[in-house]
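K.L.:
One structure is given below, represented as structure tokens, and several questions about it will come after.
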2 protein chains.
Amino acid sequence: MKISIHSGKTIEAKAGATIYESLKANGIFLVSPCGAKGTCGKCTVKVLSGDVDVKSYAKIGQKERSEGLVLSCQARADSDLQIEIPEHSRLVLGGKIAVSIFKDTAGYLKSYDTGIDPLTKRVSLSLPPPSINDNIGDLERLRRCLEEFGIVNVHFSYEFVSTIMDKLREGDFNAVLSYAKTSGNAFEGISLIPSGRCAGQYGLTVDIGTTTVVVYLVSLTTGDVIDIGSTYNSQTKFGDDVITRIVHATEGGGLSDLRDAVVGDINTIVDFFREKHNIDTCGIEAASISGNTTMSHIFWGLNPASIREDPYIPAVNIYPIWHASDARLNINPQAPVYTAPSVASYVGGDIVSGILASKMHRSTGISLFMDIGTNAEVAIGNDEWIMTAACSAGPCFEGGGIKFGMRATPGAIESIAIDPVTLKPSISVIGGEEPAGICGSGMIDAIVELWKTGIINQKGVFNPAKTPLVREGEDGLEFLIYSGGNRDIVLTTVDMENLIRAKAAIFAGVSLLLREAGLSLDVLDKVYVAGGFGNSLNVEKAVMLGMIPDLPKDKYVFLGNTSIIGAYLSLMSDALRMELESIASKMTYIELSVVGDYMDEYMSAMFIPHTDMSKFPSVSTALGL
Amino acid sequence: MKISIHSGKTIEAKAGATIYESLKANGIFLVSPCGAKGTCGKCTVKVLSGDVDVKSYAKIGQKERSEGLVLSCQARADSDLQIEIPEHSRLVLGGKIAVSIFKDTAGYLKSYDTGIDPLTKRVSLSLPPPSINDNIGDLERLRRCLEEFGIVNVHFSYEFVSTIMDKLREGDFNAVLSYAKTSGNAFEGISLIPSGRCAGQYGLTVDIGTTTVVVYLVSLTTGDVIDIGSTYNSQTKFGDDVITRIVHATEGGGLSDLRDAVVGDINTIVDFFREKHNIDTCGIEAASISGNTTMSHIFWGLNPASIREDPYIPAVNIYPIWHASDARLNINPQAPVYTAPSVASYVGGDIVSGILASKMHRSTGISLFMDIGTNAEVAIGNDEWIMTAACSAGPCFEGGGIKFGMRATPGAIESIAIDPVTLKPSISVIGGEEPAGICGSGMIDAIVELWKTGIINQKGVFNPAKTPLVREGEDGLEFLIYSGGNRDIVLTTVDMENLIRAKAAIFAGVSLLLREAGLSLDVLDKVYVAGGFGNSLNVEKAVMLGMIPDLPKDKYVFLGNTSIIGAYLSLMSDALRMELESIASKMTYIELSVVGDYMDEYMSAMFIPHTDMSKFPSVSTALGL
């Protein structure tokens with residue numbers, strides 16, 4: 001039997017195998033924190049045609065059942081099937097590091113000149129076996145040997161010591177010690193591995209995004225990224241943005257639901273890594289986590305309530321190093337888990353990581369850093385000072401709040417051109433497939449093209465007289481971008497409003513930081529753009545929209561996911577971890593909502609590109625204004 | 001209805017109450033780690049007469065049932081009862097500190113001039129509430145305030161931080177922090193208590209003896225001992241001495257049984273303390289444990305196998321400070337648990353504690369320290385050096401291996417005189433009750449009296465011609481000490497052999513240490529005697545037996561249980577904890593079994609008092625030899 005997947009691929013279904021198993025056998029991985037036991041309800045697929053034998057629907061409601069939704073781990077094909085895999089069910093293994101400067105991550109680490117000095121280190125020990133004349137205890141024997149390596153002031157946990165006797169004797173007093181630096185010049189024993197039982201040493205770096213979770217499996221010895229996995233953050237079912245998540249955590253009492261969701265996502269990826277690369281749980285000996293303040297709080301199960309209450313204080317900005325067992329990660333329970341420090345409630349570890357990845361904190365010239373993801377954060381500074389702010393941009397560039405919005409994955413319209421004469425749009429779709437929605441770069445293209453052709457005005461309001469493609473839809477006027485296939489894809493009036501609000505919030509944030517620093521745009525040496533856009537952001541278009549400063553294209557550097565690169569760097573080097581902490585302590589947070597001028601800046605930016613065209617000279621020139 | 005207890009007391013039984021409850025209501029506490037749920041099988045009593053309604057016998061076998069044994073928590077009186085409470089079922093609460101110099105423990109602590117600086121300290125904090133201009137995170141706010149008190153380098157565990165947000169706000173940012181010193185100059189947060197919810201601060205000190213477990217409840221603020229509890233070490237059912245326990249732990253796979261037994265004993269006492277003094281679990285914030293090397297290993301669940309295997313190496317001598325949750329103690333899970341350091345496999349933390357309690361390590365004069373308990377350990381030294389050894393004396397002075405041996409508790413014959421003419425013994429019994437057995441001091445009296453009257457010879461062999469009280473018993477010749485009541489109490493030939501072996505081992509150990517140090521007896525300034533004997537040891541008799549050196553009586557100082565005093569001192573003062581560690585590191589362990597001369601010394605001591613009478617001049621004089 002065959003299973004055809006909506007995106008185009010057709011695979012063979014083994015007799016008796018569940019859909020989950022058949023997909024997995026063909027390299028298509030679904031999220032399943034429960035291990036395909038039918039209890040977590042996450043590995044759903046939609047059966048479009050064909051007969052399935054469903055063992056259990058579990059949590060799937062009547063409505064969804066009638067639409068063909070099944071748990072892939074509980075359903076078997078009884079005939080050839082056509083199925084659709086919802087994006088949130090997909091686990092992407094073996095993903096790519098999108099942006100070229102990070103492609104050789106181990107090489108990028110070398111460019112910092114700090115060497116490889118990972119969070120968890122190893123040392124091979126050969127102890128003299130005890131004798132009647134050398135009868136100190138096992139732990140003291142271990143300490144004495146470590147002193148010869150200059151490793152002193154080591155704390156050994158109860159769990160560590162409780163197995164020391166057997167482990168030392170198993171390897172005839174030859175063993176490998178894994179140990180981690182904690183605070184100050186103190187260390188902690190992580191595990192003792194008898195000689196001959198020692199395998200590779202791995203670490204994890206995790207970017208916990210509000211929308212997506214990305215995990216790298218890293219060799220702690222070489223710094224090589226062994227594998228990459230990513231998935232939707234399962235918390236999205238509780239809300240798209242951090243505020244609705246916090247509300248769910250606090251008012252809904254759902255903190256543990258949210259925590260379980262994201263930890264389950266990470267563990268699903270980790271379990272796949274371990275299986276694929278044949279790694280023992282204990283072989284993953286360190287983890288480094290980066291995320292915004294809310295995501296980091298929820299990951300650790302810390303109450304995020306005060307983050308959204310005046311005066312907006314997180315429980316923690318600078319996280320102690322805790323253990324994998326505390327984090328409930330499926331790796332060595334003693335493994336240290338480092339969390340990138342936050343600056344404030346709305347400038348988190350992901351941004352501090354981004355600064356480290358950009359190296360702007362090492363430069364004498366002044367740089368602007370922008371991370372445009374589910375929210376947008378900006379920072380300006382150099383090797384002496386950094387100012388930062390969070391812009392309430394919302395998640396629309398990642399697809400949130402936009403009727404046909406989606407992430408930049410196969411099926412997304414990533415660029416749009418509108419013929420100035422016919423006013424008909426032509427599109428390009430990621431993967432060349434039937435389009436399913438519009439991603440951020442497509443939206444920016446669309447709004448700029450619509451404006452340039454006069455289909456919308458400077459405020460984003462549709463002119464229905466211009467073309468019949470502007471039509472009355474469910475939510476007022478809308479523009480038809482694509483018709484054909486299963487459904488029409490449109491941009492609505494509400495979409496326009498959301499996009500303009502978002503771009504205005506970003507630009508106002510940048511303007512205000514510059515103003516607070518007493519600087520003008522032309523002092524900027526570099527503009528680093530991080531976030532899902534990656535290389536796909538068209539600078540001219542984004543400038544024309546008035547989202548980013550009107551600067552020469554060569555000043556822009558696109559970095560992609562810098563949160564995970566920061567996590568990677570702090571996993572691989574104690575010195576870079578210190579550097580990360582030092583960046584965080586150096587960053588001055590500006591709370592935009594209490595700066596009087598912010599609302600003025602925001603209102604001025606609510607036009608395409610801006611009320612003050614002198615700020616966008618290249619746009620004026622290009623349009624011959 | 002009434003319940004008459006064999007020892008004499010009669011109590012009222014409430015209608016419907018279990019025997020356990022009736023006893024408890026009358027201040028008679030039984031061991032019940034399961035909380036009187038009928039599952040642990042420890043609160044047994046023997047019903048001598050009367051009718052009982054037995055709900056469940058649980059683990060009690062047929063033979064014991066037929067002898068009247070019931071679980072007191074599962075049995076109700078249906079009529080007036082006569083019962084006997086086995087010694088191992090009893091929990092002694094509100095016990096006394098036997099020896100006068102330790103009676104005022106807080107005063108004794110003061111005599112060290114180190115002040116009160118307990119393992120867990122408290123500091124009252126009043127933090128400025130967060131504002132938009134002071135928007136650091138809660139944890140950073142706490143750290144900033146601690147810095148003002150000079151408390152820096154504090155590790156906060158995951159458990160601590162996970163509740164910080166709610167606790168700070170509950171007390172309007174006024175709170176009490178409990179924190180502990182860890183290694184070096186580092187600290188650890190134990191708990192944060194919102195202002196207004198803060199009650200007294202308590203600690204535990206525990207002496208884990210091979211035979212008995214003693215627990216003090218201590219005020220960490222004043223150093224006062226609030227209550228004392230003691231019980232038999234429930235491990236005794238697996239064997240009387242450390243060797244049989246190790247065998248059970250390793251060959252029998254019974255390490256967790258042994259661990260559960262002793263931790264259950266401690267927790268039973270702790271639960272009673274908490275109930276009696278109305279203390280919240282979290283209010284007990286520190287514990288300090290002292291025991292021999294094997295007991296400390298088993299308490300922590302550490303494999304003791306190598307302790308009894310050549311070359312006799314423990315897993316740990318110097319224990320890191322771990323948590324109450326690791327120890328499974330029913331106190332604040334974050335509470336630090338300190339373990340007195342050991343010197344070697346057979347000189348444990350109890351002896352190091354004893355040295356600290358004796359203060360001999362602070363004296364320029366040379367002292368001898370002897371701890372005679374289930375085993376005997378000796379140490380010689382001063383403020384510059386200390387040598388120590390373990391003597392294979394066995395548990396006979398605590399009752400082990402002696403037919404009618406028992407501890408010095410009510411019913412024990414504690415002194416014996418034999419009329420030189422009639423050769424009839426007269427006895428004195430602790431509590432003035434019907435005698436149930438003989439305790440250590442009674443045994444020493446008996447053997448010396450038997451020798452002085454010629455009923456035994458120098459080797460301890462009975463002369464049946466001397467008196468009809470020497471008679472043929474089950475195990476050969478025996479001497480009738482008491483006849484009447486339920487049974488005859490005798491001392492057997494085997495008892496004699498065991499007692500002489502034990503006293504010879506002790507004296508040989510002392511002789512050898514002196515010889516190794518190149519010293520003679522007369523250099524000794526003081527002899528400190530620790531252990532169950534307390535003040536009840538008759539020095540003249542013990543000298544006459546040849547168990548302890550023939551020195552003037554005023555050089556002897558009886559200290560009683562110094563193990564728990566050492567634990568107490570190290571709980572109450574960081575400086576004394578350091579002093580304890582320094583004593584341990586200063587102690588040189590002599591393994592008697594590998595010193596060639598030891599066997600000679602031992603054989604010479606197998607006579608009463610000794611083959612070399614010149615070593616016992618006072619005995620020669622007293623007997624007119």
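Residues are named by chain letter and number: chains run A, B, ... in the order of the structure tokens, numbers start at 1 in each chain, and ligands are numbered from 1 in the order shown.
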If DSSP is run on the backbone, what residues of stretch 125-216 of chain A are strand (DSSP E or B)? A reply as an MDAnalysis selection string would be ideal.

P.N.:
chainID A and resid 125:126 131 134 154:155 174:181 187:194 202:208 212:216

K.L.:
Would you mind exporting the chosen residues as a compact mmCIF listing (two decimals), in the first residue's frame, restricted to N, CA and C atoms?

P.N.:
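Contents of again.txt, freshly written:
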# COMPACT_ATOMS: atom_id res chain seq x y z
N LEU A 125 41.66 9.49 34.04
CA LEU A 125 42.37 9.32 35.30
C LEU A 125 42.88 7.90 35.44
N SER A 126 44.07 7.77 35.97
CA SER A 126 44.61 6.46 36.28
C SER A 126 45.06 6.53 37.74
N SER A 131 46.07 0.31 48.73
CA SER A 131 46.85 -0.73 49.39
C SER A 131 46.83 -0.43 50.87
N ASP A 134 48.39 2.73 51.49
CA ASP A 134 47.77 3.89 50.83
C ASP A 134 46.27 3.63 50.89
N VAL A 154 36.14 20.65 43.94
CA VAL A 154 35.10 19.95 43.17
C VAL A 154 34.02 19.47 44.12
N HIS A 155 32.77 19.81 43.83
CA HIS A 155 31.67 19.24 44.62
C HIS A 155 31.22 17.95 43.95
N ASN A 174 40.93 2.89 36.63
CA ASN A 174 41.11 3.76 35.48
C ASN A 174 39.71 4.22 35.04
N ALA A 175 39.55 5.50 34.92
CA ALA A 175 38.22 6.01 34.61
C ALA A 175 38.32 7.37 33.95
N VAL A 176 37.24 7.76 33.32
CA VAL A 176 37.14 9.11 32.76
C VAL A 176 36.15 9.89 33.62
N LEU A 177 36.58 11.05 34.06
CA LEU A 177 35.68 11.91 34.85
C LEU A 177 35.13 13.01 33.95
N SER A 178 33.80 13.15 33.97
CA SER A 178 33.19 14.32 33.37
C SER A 178 32.89 15.30 34.49
N TYR A 179 33.27 16.54 34.29
CA TYR A 179 33.05 17.53 35.34
C TYR A 179 32.73 18.87 34.70
N ALA A 180 32.08 19.70 35.47
CA ALA A 180 31.65 20.99 34.93
C ALA A 180 32.07 22.10 35.87
N LYS A 181 32.35 23.24 35.30
CA LYS A 181 32.63 24.42 36.10
C LYS A 181 31.30 24.96 36.60
N PHE A 187 34.00 23.44 40.79
CA PHE A 187 33.60 22.46 39.80
C PHE A 187 32.60 21.50 40.41
N GLU A 188 31.95 20.75 39.53
CA GLU A 188 31.06 19.69 40.01
C GLU A 188 31.32 18.43 39.20
N GLY A 189 31.37 17.29 39.89
CA GLY A 189 31.52 16.02 39.20
C GLY A 189 30.22 15.66 38.51
N ILE A 190 30.28 15.29 37.24
CA ILE A 190 29.05 14.94 36.51
C ILE A 190 28.91 13.43 36.43
N SER A 191 29.93 12.77 35.94
CA SER A 191 29.86 11.31 35.94
C SER A 191 31.25 10.71 35.86
N LEU A 192 31.34 9.49 36.34
CA LEU A 192 32.60 8.77 36.33
C LEU A 192 32.36 7.53 35.47
N ILE A 193 33.16 7.40 34.43
CA ILE A 193 32.92 6.32 33.48
C ILE A 193 34.12 5.39 33.51
N PRO A 194 33.91 4.12 33.88
CA PRO A 194 35.03 3.18 33.93
C PRO A 194 35.69 3.09 32.56
N TYR A 202 28.65 14.26 24.20
CA TYR A 202 27.78 15.15 23.44
C TYR A 202 27.13 16.21 24.32
N GLY A 203 26.70 17.24 23.66
CA GLY A 203 25.94 18.27 24.35
C GLY A 203 24.77 18.69 23.48
N LEU A 204 23.85 19.42 24.09
CA LEU A 204 22.70 19.95 23.36
C LEU A 204 22.72 21.46 23.41
N THR A 205 22.32 22.09 22.31
CA THR A 205 21.98 23.51 22.40
C THR A 205 20.57 23.64 21.90
N VAL A 206 19.82 24.45 22.61
CA VAL A 206 18.39 24.54 22.34
C VAL A 206 18.00 26.01 22.21
N ASP A 207 17.30 26.31 21.14
CA ASP A 207 16.65 27.62 21.03
C ASP A 207 15.16 27.40 21.25
N ILE A 208 14.65 27.94 22.35
CA ILE A 208 13.22 27.82 22.60
C ILE A 208 12.56 29.08 22.09
N THR A 212 8.86 28.20 17.42
CA THR A 212 9.57 26.98 17.06
C THR A 212 10.65 26.64 18.08
N VAL A 213 10.97 25.36 18.11
CA VAL A 213 12.04 24.87 18.98
C VAL A 213 13.09 24.24 18.08
N VAL A 214 14.34 24.66 18.27
CA VAL A 214 15.43 24.11 17.46
C VAL A 214 16.46 23.51 18.41
N VAL A 215 16.93 22.32 18.08
CA VAL A 215 17.91 21.64 18.93
C VAL A 215 19.09 21.20 18.09
N TYR A 216 20.30 21.50 18.57
CA TYR A 216 21.51 20.97 17.93
C TYR A 216 22.09 19.87 18.82

K.L.:
Would you list which chain B residues are within 6 Å of chain A using only C-alpha atoms, as a PyMOL selection string?

P.N.:
chain B and resi 131-132+135+137-139+162+165+302+311+313-317

K.L.:
Store the residues picked out above in a file with C-alpha atoms, as a PDB file, in the first residue's frame.

P.N.:
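Below is the file that was written, out.pdb:
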ATOM      1  CA  SER B 131       9.614  49.402  40.285  1.00  0.00           C
ATOM      2  CA  ILE B 132       9.937  50.450  36.687  1.00  0.00           C
ATOM      3  CA  ASN B 135      13.413  46.357  37.453  1.00  0.00           C
ATOM      4  CA  GLY B 137      14.669  40.114  38.539  1.00  0.00           C
ATOM      5  CA  ASP B 138      13.632  38.656  41.862  1.00  0.00           C
ATOM      6  CA  LEU B 139      16.710  36.476  42.195  1.00  0.00           C
ATOM      7  CA  SER B 162      11.099  27.755  41.569  1.00  0.00           C
ATOM      8  CA  MET B 165       8.413  34.745  43.022  1.00  0.00           C
ATOM      9  CA  LEU B 302      26.928   3.800  49.972  1.00  0.00           C
ATOM     10  CA  PRO B 311      43.047  -3.417  52.001  1.00  0.00           C
ATOM     11  CA  ILE B 313      39.062   1.054  51.954  1.00  0.00           C
ATOM     12  CA  PRO B 314      35.820   2.951  52.476  1.00  0.00           C
ATOM     13  CA  ALA B 315      34.105   4.695  49.552  1.00  0.00           C
ATOM     14  CA  VAL B 316      34.314   7.983  51.422  1.00  0.00           C
ATOM     15  CA  ASN B 317      36.109   9.325  54.458  1.00  0.00           C
TER      16      ASN B 317
END

K.L.:
List every residue of stretch 427-618 of chain B that DSSP, applied to the backbone, labels as alpha helix (DSSP H), and write the result as number ranges by chain.

P.N.:
B: 440-452, 493-517, 539-545, 562-572, 574-586, 598-604, 617-618

K.L.:
What's around stretch 243-246 of chain A at 9 Å? Count only C-alpha atoms, leave out sequence neighbours fewer than 4 positions away in its own chain, and write the answer as a list in words.

P.N.:
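Counting only the stated atoms, we get Gln235, Thr236, Phe238, Gly239, Thr250, Glu251, Gly254, Leu255, Leu258, Thr294, Ile298, Asn303, Pro304, Ala305, Ile307 and Arg308 of chain A.
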
K.L.:
Since we have the selection now, will you write its residues out, keeping N, CA and C atoms, as a PDB file, in the first residue's frame?

P.N.:
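For reference, again-v7.pdb as written:
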ATOM      1  N   GLN A 235       3.475  24.544  22.688  1.00  0.00           N
ATOM      2  CA  GLN A 235       2.715  25.507  23.493  1.00  0.00           C
ATOM      3  C   GLN A 235       1.763  26.328  22.630  1.00  0.00           C
ATOM      4  N   THR A 236       2.012  26.368  21.305  1.00  0.00           N
ATOM      5  CA  THR A 236       1.180  27.230  20.460  1.00  0.00           C
ATOM      6  C   THR A 236      -0.301  26.895  20.594  1.00  0.00           C
ATOM      7  N   PHE A 238      -1.820  26.626  23.166  1.00  0.00           N
ATOM      8  CA  PHE A 238      -2.345  27.421  24.283  1.00  0.00           C
ATOM      9  C   PHE A 238      -2.300  28.923  23.982  1.00  0.00           C
ATOM     10  N   GLY A 239      -1.843  29.282  22.787  1.00  0.00           N
ATOM     11  CA  GLY A 239      -1.768  30.706  22.465  1.00  0.00           C
ATOM     12  C   GLY A 239      -0.561  30.994  21.612  1.00  0.00           C
ATOM     13  N   THR A 250      -0.849  31.406  34.336  1.00  0.00           N
ATOM     14  CA  THR A 250      -1.197  31.956  35.643  1.00  0.00           C
ATOM     15  C   THR A 250      -2.691  31.854  35.911  1.00  0.00           C
ATOM     16  N   GLU A 251      -3.500  32.416  35.011  1.00  0.00           N
ATOM     17  CA  GLU A 251      -4.933  32.399  35.284  1.00  0.00           C
ATOM     18  C   GLU A 251      -5.522  31.014  35.034  1.00  0.00           C
ATOM     19  N   GLY A 254      -2.082  26.708  34.039  1.00  0.00           N
ATOM     20  CA  GLY A 254      -1.557  25.769  33.051  1.00  0.00           C
ATOM     21  C   GLY A 254      -0.046  25.780  32.901  1.00  0.00           C
ATOM     22  N   LEU A 255       0.664  26.270  33.917  1.00  0.00           N
ATOM     23  CA  LEU A 255       2.120  26.336  33.799  1.00  0.00           C
ATOM     24  C   LEU A 255       2.717  24.969  33.510  1.00  0.00           C
ATOM     25  N   LEU A 258       2.174  23.918  29.906  1.00  0.00           N
ATOM     26  CA  LEU A 258       3.074  24.625  28.994  1.00  0.00           C
ATOM     27  C   LEU A 258       4.481  24.067  29.099  1.00  0.00           C
ATOM     28  N   THR A 294      10.105  34.772  28.867  1.00  0.00           N
ATOM     29  CA  THR A 294       8.933  33.941  29.170  1.00  0.00           C
ATOM     30  C   THR A 294       9.203  32.481  28.845  1.00  0.00           C
ATOM     31  N   ILE A 298       9.131  29.376  31.480  1.00  0.00           N
ATOM     32  CA  ILE A 298       8.214  28.233  31.359  1.00  0.00           C
ATOM     33  C   ILE A 298       8.999  26.932  31.210  1.00  0.00           C
ATOM     34  N   ASN A 303       7.294  30.565  37.671  1.00  0.00           N
ATOM     35  CA  ASN A 303       6.066  31.354  37.524  1.00  0.00           C
ATOM     36  C   ASN A 303       6.349  32.621  36.698  1.00  0.00           C
ATOM     37  N   PRO A 304       5.707  32.773  35.535  1.00  0.00           N
ATOM     38  CA  PRO A 304       5.974  33.949  34.704  1.00  0.00           C
ATOM     39  C   PRO A 304       5.012  35.113  34.992  1.00  0.00           C
ATOM     40  N   ALA A 305       4.170  34.976  36.040  1.00  0.00           N
ATOM     41  CA  ALA A 305       3.095  35.953  36.244  1.00  0.00           C
ATOM     42  C   ALA A 305       3.578  37.399  36.242  1.00  0.00           C
ATOM     43  N   ILE A 307       5.943  38.848  34.911  1.00  0.00           N
ATOM     44  CA  ILE A 307       6.491  39.363  33.649  1.00  0.00           C
ATOM     45  C   ILE A 307       5.497  40.307  32.970  1.00  0.00           C
ATOM     46  N   ARG A 308       4.211  40.000  33.087  1.00  0.00           N
ATOM     47  CA  ARG A 308       3.234  40.840  32.395  1.00  0.00           C
ATOM     48  C   ARG A 308       2.500  41.807  33.329  1.00  0.00           C
TER      49      ARG A 308
END

K.L.:
So the first atom is atom CA of B:Ala605 and the second is atom CA of B:Gly373; what is the distance between them in Å, to one decimal place?

P.N.:
19.4 Å

K.L.:
Would you pick out the contacts of stretch 388-403 of chain A at 6 Å or less, using only C-alpha atoms, so that residues sharing its chain but fewer than 4 positions from it are not included, and give the list as an MDAnalysis selection string?

P.N.:
chainID A and resid 346 374:379 407 440 495 502 505:506 509 589:590

K.L.:
Could you dump the residues just selected with N, CA and C atoms as a compact mmCIF listing (two decimals), in the first residue's frame?

P.N.:
# COMPACT_ATOMS: atom_id res chain seq x y z
N TYR A 346 11.16 41.57 28.71
CA TYR A 346 10.91 41.44 27.27
C TYR A 346 12.17 41.52 26.42
N THR A 374 8.73 36.07 16.74
CA THR A 374 7.35 36.17 17.20
C THR A 374 7.13 37.53 17.85
N ASN A 375 8.21 38.11 18.36
CA ASN A 375 8.19 39.51 18.75
C ASN A 375 9.44 40.13 18.12
N ALA A 376 9.66 41.42 18.32
CA ALA A 376 10.87 42.02 17.76
C ALA A 376 11.61 42.75 18.86
N GLU A 377 12.92 42.49 18.93
CA GLU A 377 13.74 43.20 19.90
C GLU A 377 14.87 43.87 19.14
N VAL A 378 15.27 45.04 19.65
CA VAL A 378 16.35 45.78 18.98
C VAL A 378 17.40 46.17 20.02
N ALA A 379 18.63 46.32 19.54
CA ALA A 379 19.72 46.75 20.42
C ALA A 379 20.67 47.61 19.60
N ARG A 407 4.84 30.05 8.47
CA ARG A 407 6.30 30.19 8.52
C ARG A 407 6.91 29.94 7.15
N GLY A 440 6.61 35.67 6.04
CA GLY A 440 6.97 37.06 6.32
C GLY A 440 7.49 37.82 5.11
N ASP A 495 -5.26 42.05 7.97
CA ASP A 495 -3.85 41.70 7.76
C ASP A 495 -3.02 42.97 7.54
N ALA A 502 2.89 46.31 13.04
CA ALA A 502 4.11 45.59 13.37
C ALA A 502 5.34 46.33 12.87
N ALA A 505 5.96 49.43 14.89
CA ALA A 505 6.52 49.16 16.23
C ALA A 505 8.02 48.94 16.14
N ILE A 506 8.45 48.20 15.11
CA ILE A 506 9.89 47.92 14.95
C ILE A 506 10.65 49.20 14.66
N GLY A 509 10.83 51.55 17.59
CA GLY A 509 11.78 51.07 18.59
C GLY A 509 13.20 51.47 18.23
N TYR A 589 18.34 48.33 29.51
CA TYR A 589 17.01 48.09 28.95
C TYR A 589 16.19 49.38 29.00
N ILE A 590 15.60 49.72 27.87
CA ILE A 590 14.72 50.89 27.81
C ILE A 590 13.28 50.38 27.69

K.L.:
Find the residue from B:Gly115, B:Pro128, B:Pro468, B:Gly454 that sits nearest to B:Thr221; use only C-alpha atoms when measuring.

P.N.:
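Of B:Gly115, B:Pro128, B:Pro468, B:Gly454, the one nearest B:Thr221, counting only C-alpha atoms, is B:Gly115.
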
K.L.:
Distance atom CA of B:Ser573-atom CA of B:Cys282, one decimal place?

P.N.:
20.8 Å

K.L.:
One number please: atom CA of A:Ser570 to atom CA of A:Ser124, in Å, one decimal.

P.N.:
23.6 Å

K.L.:
Using only C-alpha atoms, which residue out of B:Phe273, B:Tyr482, B:Trp385, B:Phe616 lies closest to B:Asn330?

P.N.:
B:Phe273

K.L.:
Residues within 10 Å of A:Thr611, please, as a PyMOL selection string. Count only C-alpha atoms; anything in the same chain fewer than 6 positions from it doesn't count.

P.N.:
chain A and resi 458+546+601+603-605

K.L.:
Go ahead and dump the residues you just picked, C-alpha atoms, as a PDB file, in the first residue's frame.

P.N.:
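Listing of selection39.pdb after writing:
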ATOM      1  CA  GLN A 458       0.022  55.013   2.572  1.00  0.00           C
ATOM      2  CA  GLY A 546       9.487  51.575   6.405  1.00  0.00           C
ATOM      3  CA  GLU A 601       7.536  57.741  16.902  1.00  0.00           C
ATOM      4  CA  MET A 603       2.266  57.055  15.109  1.00  0.00           C
ATOM      5  CA  SER A 604       4.698  58.600  12.606  1.00  0.00           C
ATOM      6  CA  ALA A 605       5.701  55.116  11.475  1.00  0.00           C
TER       7      ALA A 605
END

K.L.:
Using only C-alpha atoms, pick whichever of A:Ile28, A:Ile380, A:Leu329, A:Val263 has the shortest atom-to-atom distance to A:Lys9.

P.N.:
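The closest residue to A:Lys9 is A:Ile28.
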